[in-house]
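Raw contents of run_11.csv, CSV, C-alpha atoms (C1' of nucleotides):
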chain,number,residue,atom,x,y,z
P,14,MET,CA,98.4,164.1,74.7
P,15,ASP,CA,97.9,167.8,75.2
P,16,ILE,CA,96.4,168.5,78.6
P,17,ALA,CA,95.0,171.9,77.5
P,18,TYR,CA,93.0,170.0,74.9
P,19,LEU,CA,91.6,167.6,77.5
P,20,ARG,CA,90.8,170.4,79.9
P,21,LYS,CA,89.0,172.2,77.2
P,22,ILE,CA,86.7,169.2,76.6
P,23,LEU,CA,85.7,169.2,80.2
P,24,ILE,CA,85.2,172.9,80.4
P,25,GLU,CA,83.0,172.9,77.3
P,26,LYS,CA,80.7,170.5,79.0
P,27,GLY,CA,80.7,172.4,82.2
P,28,LEU,CA,82.4,169.7,84.2
P,29,LYS,CA,84.7,170.3,87.1
P,30,ILE,CA,88.3,169.6,86.2
P,31,THR,CA,89.8,166.9,88.4
P,32,PRO,CA,93.0,165.0,87.9
P,33,GLN,CA,91.1,161.7,87.7
P,34,ARG,CA,88.9,163.0,84.9
P,35,LEU,CA,91.8,164.2,82.9
P,36,ILE,CA,93.6,160.9,83.4
P,37,VAL,CA,90.6,158.8,82.4
P,38,LEU,CA,89.9,161.0,79.4
P,39,GLU,CA,93.5,160.8,78.2
P,40,ALA,CA,93.3,157.0,78.6
P,41,VAL,CA,90.1,156.6,76.6
P,42,LYS,CA,91.3,158.9,73.9
P,43,THR,CA,94.6,156.9,73.6
P,44,LEU,CA,93.2,153.4,73.9
P,45,ASN,CA,91.4,153.2,70.6
P,46,ASN,CA,89.8,149.8,70.4
P,47,HIS,CA,86.7,150.7,72.3
P,48,PRO,CA,88.0,150.0,75.8
P,49,THR,CA,86.3,148.5,78.8
P,50,ALA,CA,86.5,150.1,82.2
P,51,ASP,CA,89.1,147.4,83.0
P,52,ASN,CA,91.2,148.4,80.0
P,53,VAL,CA,91.3,151.9,81.3
P,54,MET,CA,92.2,150.7,84.7
P,55,VAL,CA,95.1,148.6,83.4
P,56,TYR,CA,96.3,151.4,81.2
P,57,ILE,CA,96.3,153.9,84.1
P,58,LYS,CA,97.5,151.7,86.9
P,59,ASN,CA,101.3,152.2,86.5
P,60,ASN,CA,101.2,155.9,86.7
P,61,HIS,CA,98.2,156.3,88.9
P,62,PRO,CA,97.8,153.2,91.0
P,63,ASN,CA,95.5,155.0,93.5
P,64,ILE,CA,92.5,155.8,91.3
P,65,ALA,CA,89.6,153.6,92.5
P,66,ILE,CA,87.9,151.4,90.0
P,67,GLY,CA,84.6,152.8,91.2
P,68,THR,CA,85.8,156.3,90.3
P,69,ILE,CA,86.6,155.1,86.8
P,70,TYR,CA,83.1,153.8,86.3
P,71,ASN,CA,81.8,157.0,87.8
P,72,ILE,CA,83.8,159.1,85.4
P,73,LEU,CA,82.9,157.0,82.4
P,74,ASP,CA,79.3,157.3,83.2
P,75,THR,CA,79.6,161.0,83.6
P,76,PHE,CA,81.3,161.2,80.2
P,77,VAL,CA,78.5,159.3,78.6
P,78,GLU,CA,76.0,161.5,80.2
P,79,PHE,CA,77.7,164.6,79.0
P,80,GLY,CA,78.3,163.4,75.5
P,81,ILE,CA,82.1,162.9,75.7
P,82,LEU,CA,81.8,159.2,75.2
P,83,ARG,CA,79.3,156.7,73.8
P,84,LYS,CA,78.6,153.2,75.0
P,85,VAL,CA,79.1,150.6,72.3
P,86,ASN,CA,76.4,148.0,71.7
P,87,THR,CA,77.8,144.5,72.1
P,88,GLU,CA,76.4,141.1,72.8
P,89,LYS,CA,78.7,140.7,75.8
P,90,ASP,CA,78.0,141.8,79.4
P,91,ILE,CA,81.0,144.0,79.6
P,92,MET,CA,80.6,147.7,78.8
P,93,ARG,CA,82.7,149.3,76.2
P,94,TYR,CA,83.2,152.9,75.4
P,95,ASP,CA,83.7,154.9,72.2
P,96,PRO,CA,85.5,158.2,72.2
P,97,ILE,CA,84.7,159.1,68.6
P,98,LEU,CA,81.6,161.2,68.3
P,99,GLU,CA,81.4,161.8,64.6
P,100,ASN,CA,79.0,159.4,63.0
P,101,HIS,CA,80.5,156.1,62.2
P,102,HIS,CA,79.7,152.4,62.1
P,103,HIS,CA,81.2,149.3,63.7
P,104,LEU,CA,82.9,146.2,62.4
P,105,TYR,CA,82.4,143.3,64.8
P,106,SER,CA,84.6,140.2,64.6
P,107,GLY,CA,82.6,137.0,64.7
P,108,ASP,CA,85.2,135.1,66.7
P,109,SER,CA,86.9,137.7,68.9
P,110,ASN,CA,86.1,140.8,70.8
P,111,ARG,CA,87.7,143.1,68.2
P,112,ILE,CA,85.5,146.0,67.2
P,113,GLU,CA,86.8,148.5,64.6
P,114,ASP,CA,85.3,151.8,63.4
P,115,TYR,CA,84.0,152.2,59.9
P,116,PHE,CA,83.4,155.5,58.3
P,117,ASP,CA,81.3,155.9,55.2
P,118,ASN,CA,80.0,159.3,54.2
P,119,ASP,CA,78.3,158.2,51.0
P,120,LEU,CA,76.4,155.6,52.9
P,121,ASP,CA,75.4,158.0,55.6
P,122,LEU,CA,74.0,160.4,53.0
P,123,PHE,CA,72.1,157.6,51.4
P,124,LEU,CA,70.6,156.4,54.7
P,125,LYS,CA,69.6,160.0,55.5
P,126,LYS,CA,67.8,160.4,52.2
P,127,TYR,CA,66.3,156.9,52.4
P,128,PHE,CA,64.7,157.4,55.8
P,129,THR,CA,63.5,160.9,55.0
P,130,LYS,CA,61.4,159.4,52.3
P,131,LYS,CA,60.5,156.1,53.9
P,132,ASN,CA,59.5,156.7,57.5
P,133,ILE,CA,59.0,154.1,60.1
P,134,PRO,CA,55.5,154.2,61.6
P,135,GLY,CA,55.4,155.0,65.3
P,136,PHE,CA,59.1,155.7,65.5
P,137,GLU,CA,61.2,158.9,65.3
P,138,ILE,CA,64.8,158.2,64.2
P,139,GLU,CA,67.6,159.9,66.1
P,140,ASN,CA,70.6,158.0,64.6
P,141,ILE,CA,71.5,155.0,62.6
P,142,LYS,CA,74.5,152.8,63.0
P,143,LEU,CA,75.5,149.8,60.9
P,144,GLN,CA,76.5,146.8,62.9
P,145,ILE,CA,78.7,144.9,60.5
P,146,LYS,CA,79.6,141.4,61.5
P,147,GLY,CA,82.3,139.3,59.8
P,148,LYS,CA,85.9,138.3,59.8
P,149,PHE,CA,89.0,140.4,60.0
P,150,LYS,CA,91.4,139.1,57.4
P,151,PRO,CA,94.9,138.5,58.8
R,9,MET,CA,52.2,126.6,70.6
R,10,ASP,CA,52.5,123.3,68.7
R,11,ILE,CA,54.9,121.0,70.4
R,12,ALA,CA,55.6,119.0,67.2
R,13,TYR,CA,56.9,122.2,65.7
R,14,LEU,CA,59.2,122.9,68.6
R,15,ARG,CA,60.5,119.3,68.6
R,16,LYS,CA,61.2,119.6,64.9
R,17,ILE,CA,63.4,122.7,65.5
R,18,LEU,CA,65.5,120.7,68.0
R,19,ILE,CA,65.7,117.6,65.8
R,20,GLU,CA,66.8,119.6,62.8
R,21,LYS,CA,69.7,120.9,64.8
R,22,GLY,CA,70.6,117.4,66.2
R,23,LEU,CA,69.8,118.4,69.7
R,24,LYS,CA,68.5,116.0,72.3
R,25,ILE,CA,64.9,116.7,73.1
R,26,THR,CA,64.4,117.4,76.8
R,27,PRO,CA,61.3,118.9,78.5
R,28,GLN,CA,63.4,121.8,79.6
R,29,ARG,CA,64.5,122.7,76.1
R,30,LEU,CA,61.0,122.5,74.8
R,31,ILE,CA,59.8,124.8,77.6
R,32,VAL,CA,62.5,127.4,77.1
R,33,LEU,CA,62.0,127.3,73.3
R,34,GLU,CA,58.3,127.8,73.7
R,35,ALA,CA,58.9,130.7,76.1
R,36,VAL,CA,61.4,132.4,73.8
R,37,LYS,CA,59.2,132.0,70.8
R,38,THR,CA,56.2,133.4,72.7
R,39,LEU,CA,57.9,136.3,74.5
R,40,ASN,CA,58.6,138.5,71.6
R,41,ASN,CA,60.3,141.6,72.9
R,42,HIS,CA,63.9,140.2,72.9
R,43,PRO,CA,63.7,138.5,76.3
R,44,THR,CA,66.4,138.2,78.9
R,45,ALA,CA,67.1,135.0,80.7
R,46,ASP,CA,65.1,136.4,83.6
R,47,ASN,CA,62.1,137.2,81.4
R,48,VAL,CA,62.1,133.5,80.4
R,49,MET,CA,62.5,132.5,84.0
R,50,VAL,CA,59.5,134.5,85.1
R,51,TYR,CA,57.3,133.4,82.1
R,52,ILE,CA,58.1,129.7,82.9
R,53,LYS,CA,58.0,129.9,86.7
R,54,ASN,CA,54.3,129.3,87.2
R,55,ASN,CA,54.0,126.1,85.2
R,56,HIS,CA,57.5,124.8,85.7
R,57,PRO,CA,58.9,126.2,89.0
R,58,ASN,CA,61.6,123.6,89.2
R,59,ILE,CA,63.7,124.5,86.2
R,60,ALA,CA,67.0,125.9,87.5
R,61,ILE,CA,68.1,129.3,86.4
R,62,GLY,CA,71.4,127.8,85.5
R,63,THR,CA,69.7,125.4,83.2
R,64,ILE,CA,67.9,128.3,81.4
R,65,TYR,CA,71.3,130.0,80.7
R,66,ASN,CA,72.6,126.7,79.6
R,67,ILE,CA,69.8,126.1,77.2
R,68,LEU,CA,69.9,129.7,75.8
R,69,ASP,CA,73.6,129.3,75.2
R,70,THR,CA,73.1,126.0,73.4
R,71,PHE,CA,70.4,127.6,71.2
R,72,VAL,CA,72.7,130.4,70.3
R,73,GLU,CA,75.4,128.0,69.5
R,74,PHE,CA,73.1,126.0,67.2
R,75,GLY,CA,71.6,128.9,65.5
R,76,ILE,CA,68.1,128.8,67.1
R,77,LEU,CA,68.6,132.1,68.7
R,78,ARG,CA,70.8,135.2,68.3
R,79,LYS,CA,72.1,137.5,71.0
R,80,VAL,CA,71.0,141.0,70.6
R,81,ASN,CA,73.6,143.8,70.8
R,82,THR,CA,72.8,146.3,73.5
R,83,GLU,CA,74.6,148.8,75.6
R,84,LYS,CA,73.4,147.1,78.8
R,85,ASP,CA,75.0,144.3,80.7
R,86,ILE,CA,72.0,142.0,80.5
R,87,MET,CA,71.9,139.5,77.7
R,88,ARG,CA,68.9,139.5,75.4
R,89,TYR,CA,67.9,137.0,72.9
R,90,ASP,CA,66.2,137.2,69.5
R,91,PRO,CA,64.2,134.2,68.2
R,92,ILE,CA,63.7,135.6,64.7
R,93,LEU,CA,66.4,134.5,62.3
R,94,GLU,CA,65.4,136.1,59.0
R,95,ASN,CA,67.4,139.1,58.4
R,96,HIS,CA,66.0,142.2,60.2
R,97,HIS,CA,67.1,145.3,62.0
R,98,HIS,CA,66.4,146.7,65.4
R,99,LEU,CA,64.8,149.9,66.7
R,100,TYR,CA,66.2,150.9,70.0
R,101,SER,CA,64.4,153.3,72.3
R,102,GLY,CA,66.6,156.1,73.6
R,103,ASP,CA,65.0,156.2,77.0
R,104,SER,CA,63.8,152.7,77.8
R,105,ASN,CA,64.8,149.1,77.2
R,106,ARG,CA,62.3,148.6,74.4
R,107,ILE,CA,63.7,147.0,71.3
R,108,GLU,CA,61.5,146.3,68.3
R,109,ASP,CA,62.2,144.5,65.0
R,110,TYR,CA,62.4,146.3,61.8
R,111,PHE,CA,62.1,144.5,58.4
R,112,ASP,CA,63.0,146.2,55.2
R,113,ASN,CA,63.7,144.1,52.1
R,114,ASP,CA,64.5,147.0,49.8
R,115,LEU,CA,67.1,148.3,52.2
R,116,ASP,CA,68.6,144.8,52.5
R,117,LEU,CA,68.9,144.5,48.8
R,118,PHE,CA,70.5,147.9,48.5
R,119,LEU,CA,73.0,147.1,51.2
R,120,LYS,CA,73.9,143.8,49.6
R,121,LYS,CA,74.6,145.6,46.3
R,122,TYR,CA,76.4,148.5,47.9
R,123,PHE,CA,78.8,146.2,49.8
R,124,THR,CA,79.4,144.0,46.8
R,125,LYS,CA,80.7,147.0,44.9
R,126,LYS,CA,82.4,148.8,47.8
R,127,ASN,CA,84.4,146.3,49.8
R,128,ILE,CA,85.9,147.0,53.2
R,129,PRO,CA,89.7,146.5,53.1
R,130,GLY,CA,90.8,143.7,55.5
R,131,PHE,CA,87.3,142.7,56.4
R,132,GLU,CA,84.9,140.0,55.1
R,133,ILE,CA,81.3,140.8,55.8
R,134,GLU,CA,79.0,138.1,57.1
R,135,ASN,CA,75.9,140.2,57.9
R,136,ILE,CA,74.7,143.7,58.4
R,137,LYS,CA,72.2,145.0,60.9
R,138,LEU,CA,71.0,148.5,61.3
R,139,GLN,CA,70.9,149.7,64.8
R,140,ILE,CA,68.3,152.5,64.7
R,141,LYS,CA,68.1,154.6,67.8
R,142,GLY,CA,65.2,157.0,68.5
R,143,LYS,CA,61.9,157.5,70.2
R,144,PHE,CA,58.8,155.3,70.0
R,145,LYS,CA,55.8,157.6,69.6
R,146,PRO,CA,53.0,157.0,72.0
G,8,DT,C1',65.9,96.7,78.8
G,9,DC,C1',70.9,98.4,79.0
G,10,DT,C1',74.4,101.6,78.4
G,11,DT,C1',76.5,105.8,78.0
G,12,DA,C1',77.1,110.4,76.9
G,13,DT,C1',74.3,114.4,78.0
G,14,DT,C1',71.7,117.1,80.6
G,15,DT,C1',69.7,118.9,84.8
G,16,DA,C1',69.1,120.9,89.8
G,17,DA,C1',70.9,123.2,93.4
G,18,DG,C1',73.6,126.1,95.1
G,19,DA,C1',78.3,128.0,95.5
G,20,DA,C1',81.6,130.9,93.0
G,21,DT,C1',82.7,134.5,89.9
G,22,DT,C1',82.8,139.0,88.0
G,23,DA,C1',81.4,143.4,86.3
G,24,DT,C1',79.1,147.1,88.2
G,25,DT,C1',76.9,149.9,91.7
G,26,DC,C1',76.5,151.7,96.3
G,27,DT,C1',77.8,153.8,100.7
G,28,DC,C1',79.9,157.2,103.3
G,29,DA,C1',83.6,159.7,105.3
G,30,DA,C1',87.3,162.5,103.6
G,31,DC,C1',88.8,165.5,100.2
G,32,DT,C1',88.9,169.2,96.7
G,33,DA,C1',87.6,172.4,92.7
G,34,DA,C1',86.1,176.7,92.0
G,35,DG,C1',83.4,180.5,92.9
G,36,DA,C1',82.6,184.1,96.8
G,37,DA,C1',84.3,187.1,100.2
J,8,DT,C1',94.4,185.0,99.6
J,9,DT,C1',91.2,182.3,102.4
J,10,DC,C1',86.5,180.5,103.0
J,11,DT,C1',82.6,177.9,101.7
J,12,DT,C1',80.1,174.4,99.7
J,13,DA,C1',78.6,171.4,96.3
J,14,DG,C1',80.6,167.9,93.9
J,15,DT,C1',84.1,164.2,93.7
J,16,DT,C1',86.9,160.5,95.2
J,17,DG,C1',88.8,156.2,97.7
J,18,DA,C1',88.0,152.0,99.9
J,19,DG,C1',85.6,148.4,100.3
J,20,DA,C1',81.1,146.3,101.0
J,21,DA,C1',76.9,145.1,98.3
J,22,DT,C1',74.5,143.6,94.3
J,23,DA,C1',73.1,141.1,90.3
J,24,DA,C1',73.8,138.6,86.1
J,25,DT,C1',76.2,134.8,84.7
J,26,DT,C1',79.1,130.7,85.2
J,27,DC,C1',80.8,126.7,87.5
J,28,DT,C1',80.7,122.3,90.1
J,29,DT,C1',79.0,117.9,91.1
J,30,DA,C1',76.0,114.3,91.9
J,31,DA,C1',71.7,112.6,90.2
J,32,DA,C1',68.7,112.0,86.4
J,33,DT,C1',67.6,111.0,81.6
J,34,DA,C1',67.4,110.7,76.3
J,35,DA,C1',68.3,107.9,72.7
J,36,DG,C1',70.6,104.4,70.4
J,37,DA,C1',72.2,99.4,71.0

Starting from the file, give its structure as structure tokens.
Amino acid sequence: MDIAYLRKILIEKGLKITPQRLIVLEAVKTLNNHPTADNVMVYIKNNHPNIAIGTIYNILDTFVEFGILRKVNTEKDIMRYDPILENHHHLYSGDSNRIEDYFDNDLDLFLKKYFTKKNIPGFEIENIKLQIKGKFKP
Amino acid sequence: MDIAYLRKILIEKGLKITPQRLIVLEAVKTLNNHPTADNVMVYIKNNHPNIAIGTIYNILDTFVEFGILRKVNTEKDIMRYDPILENHHHLYSGDSNRIEDYFDNDLDLFLKKYFTKKNIPGFEIENIKLQIKGKFKP
DNA sequence: TCTTATTTAAGAATTATTCTCAACTAAGAA
DNA sequence: TTCTTAGTTGAGAATAATTCTTAAATAAGA
């Protein structure tokens, strides 16, 4: 992955560029199934065995805070991160931890229109995600 | 809350009726903001100080397994439980842990129709929940 | 009332995550 | 370039939610 591209992401957010941040960012962008901190750790370990796990958590938190990543909602007590920022939805497997992205522009447009008309009393919507549970066919 | 009603829920699922299960069930049905195991614990403590926390986790798991409760998807590492089983959606506060239910029959019907026509390749849908993030107005 | 498979209490064990703090370093200033 | 300083990192201890273990207790059918 192009380092200049990764650096640019950090610079745009006004974050200091450190080797650790570049490494974690590259990992998260490459690992695409909504990785956990541990997934990042394992991916990185061979080439960079001396990055502390605490640092990885630290960096992931910073990235969430600065809008480089989002946390994925799950029913497990392990945090997972999502590097894709365009609006999209998630397909959850009923019997494994697999989570895939689902893009649907038509649906997004419909929802936008729907909730412009029908507003929810006492609540101001910021964004809407579908949480689609089911089975991945083999 | 009517104990006969609580007993009936357990009997219908073929679960043994124990005092602990009735107590936890009553708590979960009463606490309505998607309680954590700890919320249940605190609620119960005064009247039943001798129920072990492990037992509460145990019972909550059993209830999830038997379809009496659902786990709520969150981006936190604390499990939360939802006693309402009719189809409904969730409103998430962007800046607190508040989660409220949102019912919308029209929308459910639309989604059902929409995904009957437009199917997702390689995926069989079991259910769809909207995860609506925003601000609760004061 | 007996029997047996289940369930519970208590607390130890586990595991993801956070915290602490000294050492280090990125990046702007001189 | 070198200096300065706020911000970052490494290492490991601390925390907190959850799970596990085991002996004792109990629900429910015989």

Would you mind aligning chain R to chain P, a least-squares fit over all C-alpha atoms taken in order, and returning the superposed chain as an mmCIF file with C-alpha atoms, in the frame of the given file?
data_model
loop_
_atom_site.group_PDB
_atom_site.id
_atom_site.type_symbol
_atom_site.label_atom_id
_atom_site.label_comp_id
_atom_site.auth_asym_id
_atom_site.auth_seq_id
_atom_site.Cartn_x
_atom_site.Cartn_y
_atom_site.Cartn_z
ATOM 1 C CA MET R 9 98.412 164.096 74.685
ATOM 2 C CA ASP R 10 97.895 167.844 75.208
ATOM 3 C CA ILE R 11 96.385 168.525 78.554
ATOM 4 C CA ALA R 12 94.956 171.918 77.470
ATOM 5 C CA TYR R 13 92.930 170.043 74.908
ATOM 6 C CA LEU R 14 91.566 167.601 77.431
ATOM 7 C CA ARG R 15 90.714 170.415 79.881
ATOM 8 C CA LYS R 16 88.890 172.218 77.107
ATOM 9 C CA ILE R 17 86.665 169.141 76.481
ATOM 10 C CA LEU R 18 85.652 169.148 80.173
ATOM 11 C CA ILE R 19 85.117 172.914 80.323
ATOM 12 C CA GLU R 20 82.949 172.893 77.239
ATOM 13 C CA LYS R 21 80.679 170.419 78.920
ATOM 14 C CA GLY R 22 80.623 172.390 82.256
ATOM 15 C CA LEU R 23 82.344 169.650 84.107
ATOM 16 C CA LYS R 24 84.621 170.245 87.052
ATOM 17 C CA ILE R 25 88.198 169.554 86.150
ATOM 18 C CA THR R 26 89.728 166.917 88.416
ATOM 19 C CA PRO R 27 93.023 165.013 87.900
ATOM 20 C CA GLN R 28 91.066 161.823 87.737
ATOM 21 C CA ARG R 29 88.862 162.985 84.898
ATOM 22 C CA LEU R 30 91.798 164.218 82.939
ATOM 23 C CA ILE R 31 93.547 160.856 83.393
ATOM 24 C CA VAL R 32 90.565 158.768 82.368
ATOM 25 C CA LEU R 33 89.888 161.066 79.374
ATOM 26 C CA GLU R 34 93.460 160.776 78.251
ATOM 27 C CA ALA R 35 93.320 156.985 78.615
ATOM 28 C CA VAL R 36 90.072 156.677 76.668
ATOM 29 C CA LYS R 37 91.280 158.923 73.929
ATOM 30 C CA THR R 38 94.552 156.977 73.653
ATOM 31 C CA LEU R 39 93.188 153.424 73.900
ATOM 32 C CA ASN R 40 91.408 153.221 70.655
ATOM 33 C CA ASN R 41 89.870 149.791 70.407
ATOM 34 C CA HIS R 42 86.611 150.596 72.317
ATOM 35 C CA PRO R 43 88.017 150.059 75.813
ATOM 36 C CA THR R 44 86.288 148.567 78.800
ATOM 37 C CA ALA R 45 86.512 150.083 82.209
ATOM 38 C CA ASP R 46 89.143 147.473 83.004
ATOM 39 C CA ASN R 47 91.226 148.357 79.944
ATOM 40 C CA VAL R 48 91.310 151.946 81.288
ATOM 41 C CA MET R 49 92.136 150.668 84.724
ATOM 42 C CA VAL R 50 95.101 148.690 83.496
ATOM 43 C CA TYR R 51 96.382 151.506 81.156
ATOM 44 C CA ILE R 52 96.259 153.992 84.118
ATOM 45 C CA LYS R 53 97.493 151.668 86.869
ATOM 46 C CA ASN R 54 101.211 152.219 86.448
ATOM 47 C CA ASN R 55 101.220 155.999 86.652
ATOM 48 C CA HIS R 56 98.198 156.446 88.854
ATOM 49 C CA PRO R 57 97.733 153.288 91.005
ATOM 50 C CA ASN R 58 95.513 155.042 93.472
ATOM 51 C CA ILE R 59 92.514 155.824 91.323
ATOM 52 C CA ALA R 60 89.641 153.631 92.537
ATOM 53 C CA ILE R 61 87.906 151.384 90.105
ATOM 54 C CA GLY R 62 84.666 152.812 91.293
ATOM 55 C CA THR R 63 85.825 156.242 90.380
ATOM 56 C CA ILE R 64 86.674 155.073 86.802
ATOM 57 C CA TYR R 65 83.063 153.768 86.352
ATOM 58 C CA ASN R 66 81.844 156.966 87.794
ATOM 59 C CA ILE R 67 83.824 159.088 85.441
ATOM 60 C CA LEU R 68 82.923 156.942 82.356
ATOM 61 C CA ASP R 69 79.280 157.264 83.271
ATOM 62 C CA THR R 70 79.551 161.030 83.622
ATOM 63 C CA PHE R 71 81.266 161.234 80.201
ATOM 64 C CA VAL R 72 78.520 159.249 78.633
ATOM 65 C CA GLU R 73 75.973 161.411 80.223
ATOM 66 C CA PHE R 74 77.657 164.571 78.898
ATOM 67 C CA GLY R 75 78.253 163.317 75.488
ATOM 68 C CA ILE R 76 82.064 162.812 75.682
ATOM 69 C CA LEU R 77 81.732 159.160 75.179
ATOM 70 C CA ARG R 78 79.202 156.654 73.790
ATOM 71 C CA LYS R 79 78.554 153.115 74.941
ATOM 72 C CA VAL R 80 79.105 150.592 72.304
ATOM 73 C CA ASN R 81 76.411 147.951 71.667
ATOM 74 C CA THR R 82 77.729 144.445 72.055
ATOM 75 C CA GLU R 83 76.404 141.038 72.789
ATOM 76 C CA LYS R 84 78.696 140.710 75.824
ATOM 77 C CA ASP R 85 78.057 141.759 79.360
ATOM 78 C CA ILE R 86 81.077 144.030 79.588
ATOM 79 C CA MET R 87 80.579 147.677 78.846
ATOM 80 C CA ARG R 88 82.716 149.271 76.166
ATOM 81 C CA TYR R 89 83.162 152.831 75.374
ATOM 82 C CA ASP R 90 83.711 154.769 72.144
ATOM 83 C CA PRO R 91 85.523 158.145 72.242
ATOM 84 C CA ILE R 92 84.780 159.048 68.624
ATOM 85 C CA LEU R 93 81.607 161.063 68.256
ATOM 86 C CA GLU R 94 81.377 161.736 64.522
ATOM 87 C CA ASN R 95 78.986 159.445 62.976
ATOM 88 C CA HIS R 96 80.534 156.020 62.151
ATOM 89 C CA HIS R 97 79.717 152.361 62.099
ATOM 90 C CA HIS R 98 81.270 149.343 63.676
ATOM 91 C CA LEU R 99 82.845 146.141 62.352
ATOM 92 C CA TYR R 100 82.423 143.310 64.730
ATOM 93 C CA SER R 101 84.576 140.207 64.561
ATOM 94 C CA GLY R 102 82.596 136.976 64.638
ATOM 95 C CA ASP R 103 85.138 135.102 66.677
ATOM 96 C CA SER R 104 86.887 137.612 68.907
ATOM 97 C CA ASN R 105 86.136 140.797 70.808
ATOM 98 C CA ARG R 106 87.699 143.038 68.186
ATOM 99 C CA ILE R 107 85.596 145.982 67.167
ATOM 100 C CA GLU R 108 86.835 148.472 64.599
ATOM 101 C CA ASP R 109 85.354 151.759 63.325
ATOM 102 C CA TYR R 110 83.998 152.099 59.924
ATOM 103 C CA PHE R 111 83.433 155.537 58.265
ATOM 104 C CA ASP R 112 81.425 155.894 55.137
ATOM 105 C CA ASN R 113 80.037 159.311 54.186
ATOM 106 C CA ASP R 114 78.272 158.184 51.031
ATOM 107 C CA LEU R 115 76.408 155.510 52.924
ATOM 108 C CA ASP R 116 75.448 158.053 55.608
ATOM 109 C CA LEU R 117 74.066 160.382 53.052
ATOM 110 C CA PHE R 118 72.102 157.631 51.383
ATOM 111 C CA LEU R 119 70.645 156.508 54.669
ATOM 112 C CA LYS R 120 69.652 160.028 55.606
ATOM 113 C CA LYS R 121 67.792 160.379 52.283
ATOM 114 C CA TYR R 122 66.272 156.932 52.409
ATOM 115 C CA PHE R 123 64.823 157.498 55.908
ATOM 116 C CA THR R 124 63.570 160.949 55.059
ATOM 117 C CA LYS R 125 61.444 159.466 52.306
ATOM 118 C CA LYS R 126 60.532 156.183 54.017
ATOM 119 C CA ASN R 127 59.513 156.892 57.582
ATOM 120 C CA ILE R 128 59.058 154.240 60.238
ATOM 121 C CA PRO R 129 55.484 154.349 61.622
ATOM 122 C CA GLY R 130 55.470 155.159 65.384
ATOM 123 C CA PHE R 131 59.163 155.788 65.556
ATOM 124 C CA GLU R 132 61.321 158.957 65.360
ATOM 125 C CA ILE R 133 64.858 158.242 64.325
ATOM 126 C CA GLU R 134 67.716 159.917 66.141
ATOM 127 C CA ASN R 135 70.673 158.038 64.597
ATOM 128 C CA ILE R 136 71.593 155.010 62.616
ATOM 129 C CA LYS R 137 74.586 152.756 63.008
ATOM 130 C CA LEU R 138 75.475 149.786 60.950
ATOM 131 C CA GLN R 139 76.513 146.818 62.904
ATOM 132 C CA ILE R 140 78.648 144.835 60.430
ATOM 133 C CA LYS R 141 79.563 141.370 61.536
ATOM 134 C CA GLY R 142 82.269 139.285 59.807
ATOM 135 C CA LYS R 143 85.859 138.215 59.798
ATOM 136 C CA PHE R 144 88.963 140.414 59.938
ATOM 137 C CA LYS R 145 91.438 139.047 57.397
ATOM 138 C CA PRO R 146 94.884 138.428 58.702
#

Taking a cut-off of 10 Å and counting all atoms listed in the file, can you build a table that, for each residue of chain G near chain P, reports the nearest atom pair and how far apart they are in Å (one decimal), sorted by chain then residue number, as JSON lines?
{"residue": "G:DT22", "atom": "C1'", "partner": "P:Ile91", "partner_atom": "CA", "distance": 9.9}
{"residue": "G:DA23", "atom": "C1'", "partner": "P:Ile91", "partner_atom": "CA", "distance": 6.7}
{"residue": "G:DT24", "atom": "C1'", "partner": "P:Tyr70", "partner_atom": "CA", "distance": 8.0}
{"residue": "G:DT25", "atom": "C1'", "partner": "P:Gly67", "partner_atom": "CA", "distance": 8.2}
{"residue": "G:DC26", "atom": "C1'", "partner": "P:Gly67", "partner_atom": "CA", "distance": 9.6}
{"residue": "G:DT32", "atom": "C1'", "partner": "P:Thr31", "partner_atom": "CA", "distance": 8.7}
{"residue": "G:DA33", "atom": "C1'", "partner": "P:Lys29", "partner_atom": "CA", "distance": 6.6}
{"residue": "G:DA34", "atom": "C1'", "partner": "P:Lys29", "partner_atom": "CA", "distance": 8.2}

Chain R contacts on chain J, only C-alpha atoms (C1' of nucleotides), 8 Å, as a list in words: DA24, DT25 and DA34 of chain J

Show me, as an MDAnalysis selection string, the residues of chain P whose atoms get within 12 Å of chain R, using only C-alpha atoms for the distance check. chainID P and resid 77 83:95 101:108 111:117 119:121 123:125 127:128 131:151

Residues within 12 Å of DA36 of chain G, only C-alpha atoms (C1' of nucleotides), excluding chain neighbours under 3 positions, as a list in words: DT9, DC10, DT11 and DT12 of chain J

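Counting from atom CA of Ile57 of chain P, the distance to atom CA of Ile69 of chain P is 10.1 Å.
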
Enter the distance from atom C1' of DG17 of chain J to atom CA of Leu23 of chain P, in Å, rounded to one decimal. 22.0 Å

Just to confirm, what's the straight-line distance from atom CA of Gly75 of chain R to atom CA of Pro27 of chain R in Å (one decimal)?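 Taking atom CA of Gly75 of chain R as the start and atom CA of Pro27 of chain R as the end point, the length is 19.4 Å.
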
Coordinates of box centre and edge lengths for segment 55-71 of chain R, 6 Å on every side, axis-aligned, as lines of an AutoDock Vina configuration file:
center_x = 63.8
center_y = 126.8
center_z = 80.2
size_x = 31.6
size_y = 18.4
size_z = 30.0

Find the spatial neighbours of DA37 of chain J, counting only C-alpha atoms (C1' of nucleotides), within a cut-off of 12 Å - ignore same-chain residues fewer than 3 positions away - and output them as a list in words.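 What passes the distance filter is DT8, DC9, DT10 and DT11 of chain G.
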
May I have the residues within 12 Å of DA30 of chain J as a PyMOL selection string, using all atoms listed in the file and disregarding those fewer than 4 positions away in the same chain? chain G and resi 15-17

From the set R:Leu68, R:Ala12, R:Ile19, R:Ile59, which residue has the shortest atom-to-atom contact distance to Leu33 of chain R, counting only C-alpha atoms?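 Looking at the shortest contact to Leu33 of chain R, the residue is R:Leu68.
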